[in-house]
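For reference, my_file28.txt is printed below; it contains compact mmCIF, C-alpha atoms.
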```
# COMPACT_ATOMS: atom_id res chain seq x y z
CA MET A 1 138.32 -88.77 233.17
CA ASN A 2 136.73 -85.33 233.50
CA ASP A 3 136.76 -83.75 236.92
CA LEU A 4 133.03 -83.78 237.61
CA LYS A 5 133.34 -81.82 240.86
CA ARG A 6 135.30 -79.08 239.07
CA ASP A 7 132.66 -78.88 236.32
CA TYR A 8 129.89 -78.79 238.89
CA LEU A 9 131.47 -75.91 240.84
CA ILE A 10 132.11 -73.86 237.70
CA LYS A 11 128.54 -74.43 236.55
CA THR A 12 126.86 -73.61 239.86
CA PHE A 13 128.87 -70.44 240.54
CA SER A 14 128.45 -69.18 236.97
CA ARG A 15 124.74 -68.70 237.70
CA THR A 16 125.51 -65.50 239.63
CA LYS A 17 127.91 -63.90 237.15
CA ARG A 18 125.37 -61.26 236.05
CA LYS A 19 124.50 -60.28 239.63
CA ASP A 20 127.40 -58.22 240.93
CA TYR A 21 126.60 -58.02 244.66
CA GLU A 22 125.40 -61.60 244.85
CA ASN A 23 128.41 -62.82 242.91
CA TYR A 24 130.87 -61.03 245.22
CA ILE A 25 129.24 -62.33 248.42
CA ILE A 26 128.69 -65.91 247.32
CA ASN A 27 132.21 -66.28 246.00
CA GLY A 28 133.53 -64.62 249.15
CA ILE A 29 131.71 -67.19 251.30
CA TRP A 30 132.94 -70.11 249.21
CA HIS A 31 136.58 -69.07 249.13
CA LYS A 32 136.71 -68.15 252.82
CA LEU A 33 135.09 -71.46 253.70
CA ASP A 34 137.82 -73.25 251.71
CA ARG A 35 136.27 -76.73 251.94
CA ILE A 36 135.52 -78.89 248.91
CA ASP A 37 133.97 -81.61 251.09
CA ILE A 38 130.81 -79.48 251.38
CA GLN A 39 128.45 -79.14 248.40
CA PRO A 40 127.29 -75.62 247.46
CA VAL A 41 124.14 -75.06 245.38
CA THR A 42 123.33 -71.66 243.93
CA GLN A 43 119.85 -70.52 242.89
CA GLN A 44 118.18 -73.34 244.82
CA TYR A 45 114.39 -73.50 244.85
CA VAL A 46 112.97 -74.41 248.25
CA LYS A 47 109.43 -75.63 248.80
CA ARG A 48 108.42 -74.01 252.07
CA SER A 49 106.27 -75.56 254.77
CA ASP A 50 103.39 -73.22 253.81
CA GLY A 51 103.38 -74.60 250.25
CA LYS A 52 105.02 -71.55 248.68
CA TYR A 53 108.38 -71.57 246.94
CA ALA A 54 111.45 -69.47 247.61
CA LEU A 55 114.62 -69.01 245.58
CA ILE A 56 117.70 -69.27 247.81
CA ASP A 57 120.90 -67.65 246.55
CA LEU A 58 123.20 -70.23 248.16
CA PHE A 59 122.32 -73.55 249.79
CA PHE A 60 124.36 -76.24 251.55
CA PRO A 61 122.20 -79.41 251.47
CA GLN A 62 124.42 -81.45 253.83
CA ILE A 63 123.77 -79.02 256.68
CA ASN A 64 120.35 -77.75 255.49
CA LEU A 65 121.51 -74.12 255.50
CA GLY A 66 120.46 -71.42 253.06
CA ILE A 67 121.88 -67.95 252.45
CA GLU A 68 119.90 -65.09 250.95
CA ILE A 69 121.50 -61.90 249.59
CA ASP A 70 119.29 -58.88 250.37
CA GLU A 71 119.87 -55.93 248.06
CA GLU A 72 118.47 -52.53 248.97
CA TYR A 73 115.53 -52.53 246.59
CA HIS A 74 114.32 -55.85 248.03
CA VAL A 75 114.12 -54.72 251.66
CA ASN A 76 110.58 -53.32 251.64
CA ASN A 77 109.16 -55.57 248.93
CA ASN A 78 106.72 -58.36 249.70
CA GLU A 79 107.89 -61.86 248.90
CA HIS A 80 107.29 -62.66 245.26
CA ASP A 81 105.31 -65.76 244.41
CA LEU A 82 107.57 -67.77 242.11
CA LEU A 83 105.14 -70.46 241.00
CA ARG A 84 104.06 -68.72 237.82
CA GLU A 85 107.69 -68.36 236.73
CA MET A 86 108.96 -71.83 237.66
CA THR A 87 109.34 -74.53 235.08
CA MET A 88 108.39 -78.10 235.97
CA GLU A 89 112.08 -79.04 235.99
CA GLN A 90 112.80 -76.31 238.55
CA LEU A 91 109.86 -77.42 240.65
CA LEU A 92 111.10 -81.02 240.66
CA SER A 93 114.64 -79.98 241.58
CA SER A 94 113.47 -78.02 244.62
CA CYS A 95 114.32 -79.15 248.12
CA LEU A 96 111.82 -79.25 250.98
CA GLU A 97 111.93 -76.90 253.95
CA THR A 98 112.27 -79.08 257.06
CA LYS A 99 112.22 -78.21 260.77
CA ASP A 100 115.99 -77.87 260.96
CA PHE A 101 116.27 -75.71 257.84
CA ARG A 102 117.95 -72.38 258.60
CA LEU A 103 118.14 -69.29 256.44
CA LEU A 104 120.84 -66.64 256.93
CA ARG A 105 120.70 -63.21 255.30
CA VAL A 106 123.41 -60.87 254.10
CA LYS A 107 122.66 -57.14 253.83
CA ALA A 108 124.37 -56.40 250.54
CA TYR A 109 123.53 -52.68 250.74
CA GLU A 110 125.83 -52.09 253.74
CA SER A 111 129.49 -51.01 253.60
CA LEU A 112 132.21 -53.34 252.30
CA ASN A 113 133.57 -53.79 255.80
CA ASP A 114 130.14 -54.70 257.15
CA ILE A 115 129.57 -57.16 254.31
CA ASN A 116 132.87 -58.89 255.06
CA LEU A 117 131.97 -59.09 258.77
CA GLN A 118 128.66 -60.74 257.81
CA ILE A 119 130.52 -63.22 255.61
CA ASP A 120 132.81 -64.08 258.52
CA GLU A 121 129.79 -64.71 260.76
CA ILE A 122 128.26 -67.00 258.13
CA ILE A 123 131.52 -68.96 257.86
CA ARG A 124 131.47 -69.51 261.63
CA GLU A 125 127.86 -70.71 261.45
CA ILE A 126 128.62 -73.11 258.58
CA ARG A 127 131.59 -74.63 260.37
CA GLN A 128 129.61 -75.04 263.59
CA ARG A 129 126.74 -76.69 261.74
CA VAL A 130 129.16 -79.06 259.98
CA ILE A 131 130.36 -80.21 263.41
CA GLU A 132 126.81 -80.63 264.73
CA TYR A 133 125.64 -82.60 261.70
CA ASP A 134 128.77 -84.78 261.52
CA ILE A 135 128.40 -84.83 257.73
CA ASP A 136 129.86 -87.28 255.27
CA GLU A 137 132.18 -85.80 252.66
CA TRP A 138 130.46 -84.55 249.53
CA ASP A 139 130.92 -87.33 247.00
CA ILE A 140 129.67 -86.24 243.60
CA TYR A 141 130.34 -89.75 242.25
CA LYS A 142 128.16 -91.49 244.86
CA ASN A 143 125.75 -93.95 243.28
CA PRO A 144 122.12 -93.20 244.28
CA VAL A 145 121.29 -96.93 244.05
CA ASP A 146 123.88 -97.79 246.70
CA GLN A 147 122.56 -95.03 248.95
CA ALA A 148 118.93 -96.11 248.58
CA ILE A 149 119.74 -99.78 249.27
CA MET A 150 121.89 -98.83 252.26
CA ASN A 151 119.01 -96.75 253.68
CA LYS A 152 116.52 -99.54 252.82
CA ARG A 153 113.99 -96.90 251.89
CA LEU A 154 113.27 -94.08 249.48
CA SER A 155 111.94 -90.72 250.61
CA VAL A 156 110.95 -87.59 248.72
CA ASN A 157 113.24 -85.70 251.11
CA ASP A 158 116.29 -87.72 250.00
CA ASN A 159 116.39 -85.89 246.69
CA LEU A 160 118.24 -88.81 245.07
CA LEU A 161 118.62 -88.45 241.31
CA PHE A 162 118.77 -91.57 239.12
CA ASP A 163 120.30 -91.69 235.64
CA THR A 164 118.17 -94.50 234.20
CA ILE A 165 115.02 -96.51 234.78
CA GLY A 166 117.30 -99.54 235.13
CA GLN A 167 118.94 -97.95 238.19
CA ILE A 168 115.52 -97.39 239.73
CA CYS A 169 114.50 -100.98 239.05
CA PHE A 170 117.56 -102.24 240.91
CA CYS A 171 116.36 -100.51 244.08
CA PHE A 172 113.30 -102.78 243.91
CA GLY A 173 115.17 -106.02 243.27
CA LYS A 174 114.83 -106.00 239.48
CA ASN A 175 118.01 -106.52 237.47
CA THR A 176 116.98 -104.92 234.18
CA PRO A 177 119.70 -102.34 233.46
CA LYS A 178 118.67 -101.60 229.86
CA THR A 179 114.91 -101.37 230.30
CA GLN A 180 113.13 -98.42 228.71
CA HIS A 181 109.65 -99.30 229.96
CA ALA A 182 108.13 -96.44 231.90
CA TYR A 183 105.41 -98.45 233.61
CA PHE A 184 105.26 -102.03 234.92
CA HIS A 185 104.24 -104.23 237.85
CA ILE A 186 106.93 -104.88 240.48
CA GLY A 187 104.98 -107.04 242.95
CA ASN A 188 103.31 -106.49 246.33
CA ASP A 189 100.47 -104.65 244.54
CA TYR A 190 102.81 -101.90 243.40
CA GLN A 191 103.39 -100.44 239.95
CA LEU A 192 106.55 -98.55 239.05
CA TRP A 193 105.86 -95.42 237.01
CA CYS A 194 108.75 -93.41 235.55
CA GLN A 195 106.90 -90.63 233.88
CA LYS A 196 107.64 -87.70 231.64
CA LEU A 197 105.62 -84.74 232.79
CA ALA A 198 103.82 -82.60 230.21
CA MET A 199 105.63 -79.52 228.92
CA LYS A 200 103.99 -76.15 229.54
CA VAL A 201 103.93 -73.91 226.46
CA ASP A 202 102.06 -70.58 226.52
CA ASN A 203 100.02 -71.73 229.54
CA ASN A 204 98.99 -74.93 227.76
CA PHE A 205 100.31 -78.41 228.53
CA LYS A 206 101.73 -80.38 225.63
CA SER A 207 102.41 -84.11 225.46
CA VAL A 208 106.02 -85.25 225.40
CA SER A 209 105.34 -88.99 224.99
CA LYS A 210 102.76 -90.83 222.83
CA GLY A 211 100.03 -88.27 223.39
CA TRP A 212 100.02 -88.67 227.18
CA ILE A 213 99.68 -85.46 229.17
CA ASN A 214 100.73 -86.00 232.79
CA ILE A 215 100.43 -82.93 235.02
CA LEU A 216 101.83 -82.78 238.55
CA SER A 217 100.18 -80.29 240.91
CA ASP A 218 102.34 -77.59 242.48
CA ASP A 219 102.17 -79.29 245.88
CA TRP A 220 103.09 -82.69 244.33
CA ASN A 221 99.97 -84.28 245.83
CA THR A 222 98.02 -84.89 242.61
CA ILE A 223 98.77 -86.21 239.13
CA SER A 224 96.21 -85.74 236.37
CA GLU A 225 96.60 -88.04 233.37
CA THR A 226 94.95 -87.54 230.01
CA ASN A 227 95.74 -88.19 226.36
CA ASP A 228 95.23 -86.48 223.03
CA ASP A 229 93.26 -89.63 222.15
CA LYS A 230 90.39 -89.43 224.66
CA SER A 231 89.12 -92.91 223.78
CA ILE A 232 91.91 -94.53 225.81
CA ILE A 233 91.19 -92.59 229.03
CA ASN A 234 89.60 -95.44 230.95
CA THR A 235 89.63 -96.01 234.72
CA ASN A 236 88.76 -99.68 234.11
CA ASN A 237 92.14 -100.27 232.51
CA PRO A 238 93.92 -103.01 234.54
CA LEU A 239 96.94 -100.72 234.83
CA SER A 240 94.83 -98.23 236.79
CA LEU A 241 93.16 -100.55 239.32
CA PRO A 242 92.22 -98.64 242.50
CA GLY A 243 93.95 -101.14 244.79
CA ARG A 244 97.34 -100.80 243.14
CA LYS A 245 99.79 -98.18 244.25
CA ARG A 246 102.02 -96.33 241.83
CA ILE A 247 105.60 -95.65 242.90
CA VAL A 248 106.28 -92.54 240.85
CA PHE A 249 109.55 -91.12 239.54
CA ALA A 250 109.46 -87.99 237.40
CA LYS A 251 112.08 -86.82 234.95
CA SER A 252 113.94 -83.62 235.91
CA LYS A 253 117.39 -82.07 235.43
CA ASP A 254 120.33 -81.74 237.80
CA THR A 255 122.61 -78.70 238.25
CA LEU A 256 124.67 -79.63 235.20
CA GLY A 257 121.54 -79.85 233.03
CA ARG A 258 121.53 -83.65 232.73
CA ASN A 259 118.31 -85.67 232.62
CA LYS A 260 117.56 -87.49 235.88
CA TYR A 261 114.65 -89.25 237.61
CA ARG A 262 113.47 -88.19 241.07
CA PHE A 263 111.14 -90.08 243.43
CA ILE A 264 108.05 -87.94 244.11
CA GLY A 265 105.90 -90.33 246.15
CA ILE A 266 103.37 -93.16 246.09
CA PHE A 267 100.08 -92.45 244.33
CA LYS A 268 96.69 -94.19 244.08
CA LEU A 269 93.83 -93.84 241.63
CA ASN A 270 91.00 -91.54 242.74
CA ILE A 271 87.89 -93.03 241.10
CA ASP A 272 85.55 -90.30 242.36
CA GLU A 273 87.49 -87.46 240.72
CA SER A 274 88.45 -89.33 237.54
CA LYS A 275 86.28 -89.20 234.42
CA ASN A 276 86.42 -91.78 231.62
CA GLY A 277 87.19 -90.13 228.31
CA GLU A 278 88.52 -87.00 230.03
CA VAL A 279 91.05 -87.42 232.84
CA ILE A 280 92.37 -89.88 235.42
CA ILE A 281 93.35 -88.50 238.82
CA TYR A 282 95.96 -89.96 241.17
CA ASN A 283 96.48 -88.73 244.72
CA ARG A 284 99.68 -89.06 246.70
CA VAL A 285 99.26 -91.38 249.69
CA ALA A 286 102.86 -91.58 250.94
CA GLU A 287 106.17 -89.73 250.61
CA GLU A 288 108.34 -92.71 251.59
CA ILE A 289 108.57 -96.39 250.72
CA ASP A 290 110.24 -99.31 252.48
CA LEU A 291 112.54 -101.03 249.98
CA SER A 292 113.15 -104.04 252.22
CA ILE A 293 109.81 -105.56 251.17
CA PHE A 294 111.19 -105.79 247.62
CA LEU A 295 114.79 -106.67 248.46
CA ARG A 296 114.07 -109.25 251.18
CA ASN A 297 115.65 -112.63 250.37
CA ASN A 298 116.95 -111.19 247.13
CA SER A 299 120.65 -111.96 246.73
CA MET A 300 120.88 -109.88 243.56
CA ILE A 301 122.04 -106.84 245.48
CA HIS A 302 125.21 -108.72 246.42
CA ARG A 303 125.99 -109.59 242.80
CA ARG A 304 125.85 -106.09 241.37
CA LYS A 305 129.13 -104.87 239.95
```
Would you kindly transcribe this structure into structure tokens?
Amino acid sequence: MNDLKRDYLIKTFSRTKRKDYENYIINGIWHKLDRIDIQPVTQQYVKRSDGKYALIDLFFPQINLGIEIDEEYHVNNNEHDLLREMTMEQLLSSCLETKDFRLLRVKAYESLNDINLQIDEIIREIRQRVIEYDIDEWDIYKNPVDQAIMNKRLSVNDNLLFDTIGQICFCFGKNTPKTQHAYFHIGNDYQLWCQKLAMKVDNNFKSVSKGWINILSDDWNTISETNDDKSIINTNNPLSLPGRKRIVFAKSKDTLGRNKYRFIGIFKLNIDESKNGEVIIYNRVAEEIDLSIFLRNNSMIHRRK
């Protein structure tokens, strides 16, 4: 069996190999820390509380701590808006800035001795935060289904990544491991929607599945749905009833470049903004869902191998 943690670490640290200062500092932090029970993520996109995005050089998700390497030519520059450069996959892999998120900075333009002193201070902060958070060991093999069922809920903030639609179905009490259906009713007036978002090419969105063009807004609060065949854009379609809520998972990629599905919220049809023959609009109404309403009295979760 391949060592997945080894492959992950090689992949994530190789992202900085063309950035000399950043590479030296990040590798210095990792090797001085000397703990493989803590997950490092390089080049992590963070969705800030003001709606903007930032690119963090090094991030430790278990303790919600980011590290930014400041090089001299960045000191007096205004923060660059990344949205125009981000792909949809990068946007979907971003983490959310929460109240306990902390960002530490390293002044890479100072002397070698000063840089090493800064690294030592960061190591002390990481170790202290590990104690305060009482973290579980980083388990790269952990099954997201088990974690979701244990939590009895799914939240956008969980950042759980699912391999298949079948895995997602299991979280809702459906034992259909080989299903390929992207959209179906799962009870309690909910629809499950595992969508492929449109691909952006030269500032135009292109369909990636049967002519459907699904576009997620930058703030994740709106999905616009259209099709190359405008005749099927119909808000009266039973699948788009206003009273039904769509539990939406969108396809993205993890650090190793593998296809995954991520929960992005619960959406409802917005009749007022939708236009038959043009576009259907869905607005996000919740960022979390209680799984117990689907798993209650369902013994299937005890039979899973």
- Item | Residue nearest Ser155 in chain A - candidates A:Phe263, A:Trp220, A:Tyr24, A:Trp193, atoms counted: all atoms listed in the file |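 The answer is A:Phe263, which sits nearest to Ser155 in chain A.
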- For range 276-281 of chain A: contacts at 10 Å, only C-alpha atoms, fewer than 2 positions along chain excluded, given as a list in words: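 Once the nearby chain positions are removed, what remains is Ile213, Asn214, Ile215, Thr222, Ile223, Ser224, Glu225, Thr226, Asn227, Asp228, Asp229, Lys230, Ser231, Ile232, Ile233, Asn234, Thr235, Asn236, Ser240, Phe267, Lys268, Leu269, Asn270, Ile271, Asp272, Glu273, Ser274 and Asn283 of chain A.
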- May I ask which of the residues A:Ile56, A:Ala250, A:Asp189, A:Ile126 is the closest one to Arg105 in chain A, counting only C-alpha atoms?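 Among the listed residues, the smallest separation from Arg105 in chain A belongs to A:Ile56.
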- Query: Could you state the separation of CA of Asn204 in chain A and CA of Leu91 in chain A in Å, given to one decimal place?
  - Reply: 17.0 Å
- Item | Nearest to Ile69 in chain A, chosen from A:Gln43, A:Gln167, A:Ser49, A:Ser93, with all atoms listed in the file counted in the distances | A:Gln43
Would you mind listing, for every residue of range 203-288 of chain A within 9 Å of range 156-165 of chain A, the two atoms forming the shortest contact and the distance between them in Å to one decimal, using only C-alpha atoms, sorted by chain and ascending residue number, as a tab-separated table?
```
residue	atom	partner	partner_atom	distance
A:Ser252	CA	A:Leu161	CA	8.6
A:Lys253	CA	A:Leu161	CA	8.8
A:Asp254	CA	A:Leu161	CA	7.8
A:Arg258	CA	A:Asp163	CA	8.6
A:Asn259	CA	A:Asp163	CA	7.0
A:Lys260	CA	A:Asp163	CA	5.0
A:Tyr261	CA	A:Phe162	CA	5.0
A:Arg262	CA	A:Leu161	CA	5.2
A:Phe263	CA	A:Val156	CA	5.8
A:Ile264	CA	A:Val156	CA	5.5
A:Gly265	CA	A:Val156	CA	6.3
A:Glu287	CA	A:Val156	CA	5.6
A:Glu288	CA	A:Val156	CA	6.4
```
Kindly output range 148-164 of chain A as a compact mmCIF listing (two decimals), in the coordinates of the input, after building N, CA and C atoms.
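Final output, out_28.txt:
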```txt
# COMPACT_ATOMS: atom_id res chain seq x y z
N ALA A 148 120.31 -95.69 248.31
CA ALA A 148 118.93 -96.11 248.58
C ALA A 148 118.90 -97.49 249.23
N ILE A 149 119.72 -98.42 248.73
CA ILE A 149 119.74 -99.78 249.27
C ILE A 149 120.32 -99.77 250.68
N MET A 150 121.32 -98.94 250.92
CA MET A 150 121.89 -98.83 252.26
C MET A 150 120.84 -98.31 253.25
N ASN A 151 120.06 -97.32 252.82
CA ASN A 151 119.01 -96.75 253.68
C ASN A 151 117.81 -97.67 253.82
N LYS A 152 117.65 -98.61 252.86
CA LYS A 152 116.52 -99.54 252.82
C LYS A 152 115.17 -98.82 252.69
N ARG A 153 115.23 -97.62 252.14
CA ARG A 153 113.99 -96.90 251.89
C ARG A 153 114.26 -95.75 250.94
N LEU A 154 113.20 -95.26 250.32
CA LEU A 154 113.27 -94.08 249.48
C LEU A 154 112.31 -93.03 250.03
N SER A 155 112.77 -91.81 250.11
CA SER A 155 111.94 -90.72 250.61
C SER A 155 112.03 -89.54 249.65
N VAL A 156 110.94 -88.80 249.54
CA VAL A 156 110.95 -87.59 248.72
C VAL A 156 112.03 -86.63 249.21
N ASN A 157 112.26 -86.62 250.53
CA ASN A 157 113.24 -85.70 251.11
C ASN A 157 114.68 -86.07 250.78
N ASP A 158 114.93 -87.30 250.33
CA ASP A 158 116.29 -87.72 250.00
C ASP A 158 116.87 -86.96 248.82
N ASN A 159 115.98 -86.59 247.90
CA ASN A 159 116.39 -85.89 246.69
C ASN A 159 117.46 -86.66 245.91
N LEU A 160 117.32 -87.99 245.87
CA LEU A 160 118.24 -88.81 245.07
C LEU A 160 117.85 -88.70 243.60
N LEU A 161 118.86 -88.58 242.74
CA LEU A 161 118.62 -88.45 241.31
C LEU A 161 119.21 -89.64 240.58
N PHE A 162 118.37 -90.34 239.81
CA PHE A 162 118.77 -91.57 239.12
C PHE A 162 118.95 -91.29 237.63
N ASP A 163 119.99 -91.90 237.06
CA ASP A 163 120.30 -91.69 235.64
C ASP A 163 119.33 -92.42 234.72
N THR A 164 118.96 -93.64 235.10
CA THR A 164 118.17 -94.50 234.20
C THR A 164 117.06 -95.20 234.95
```
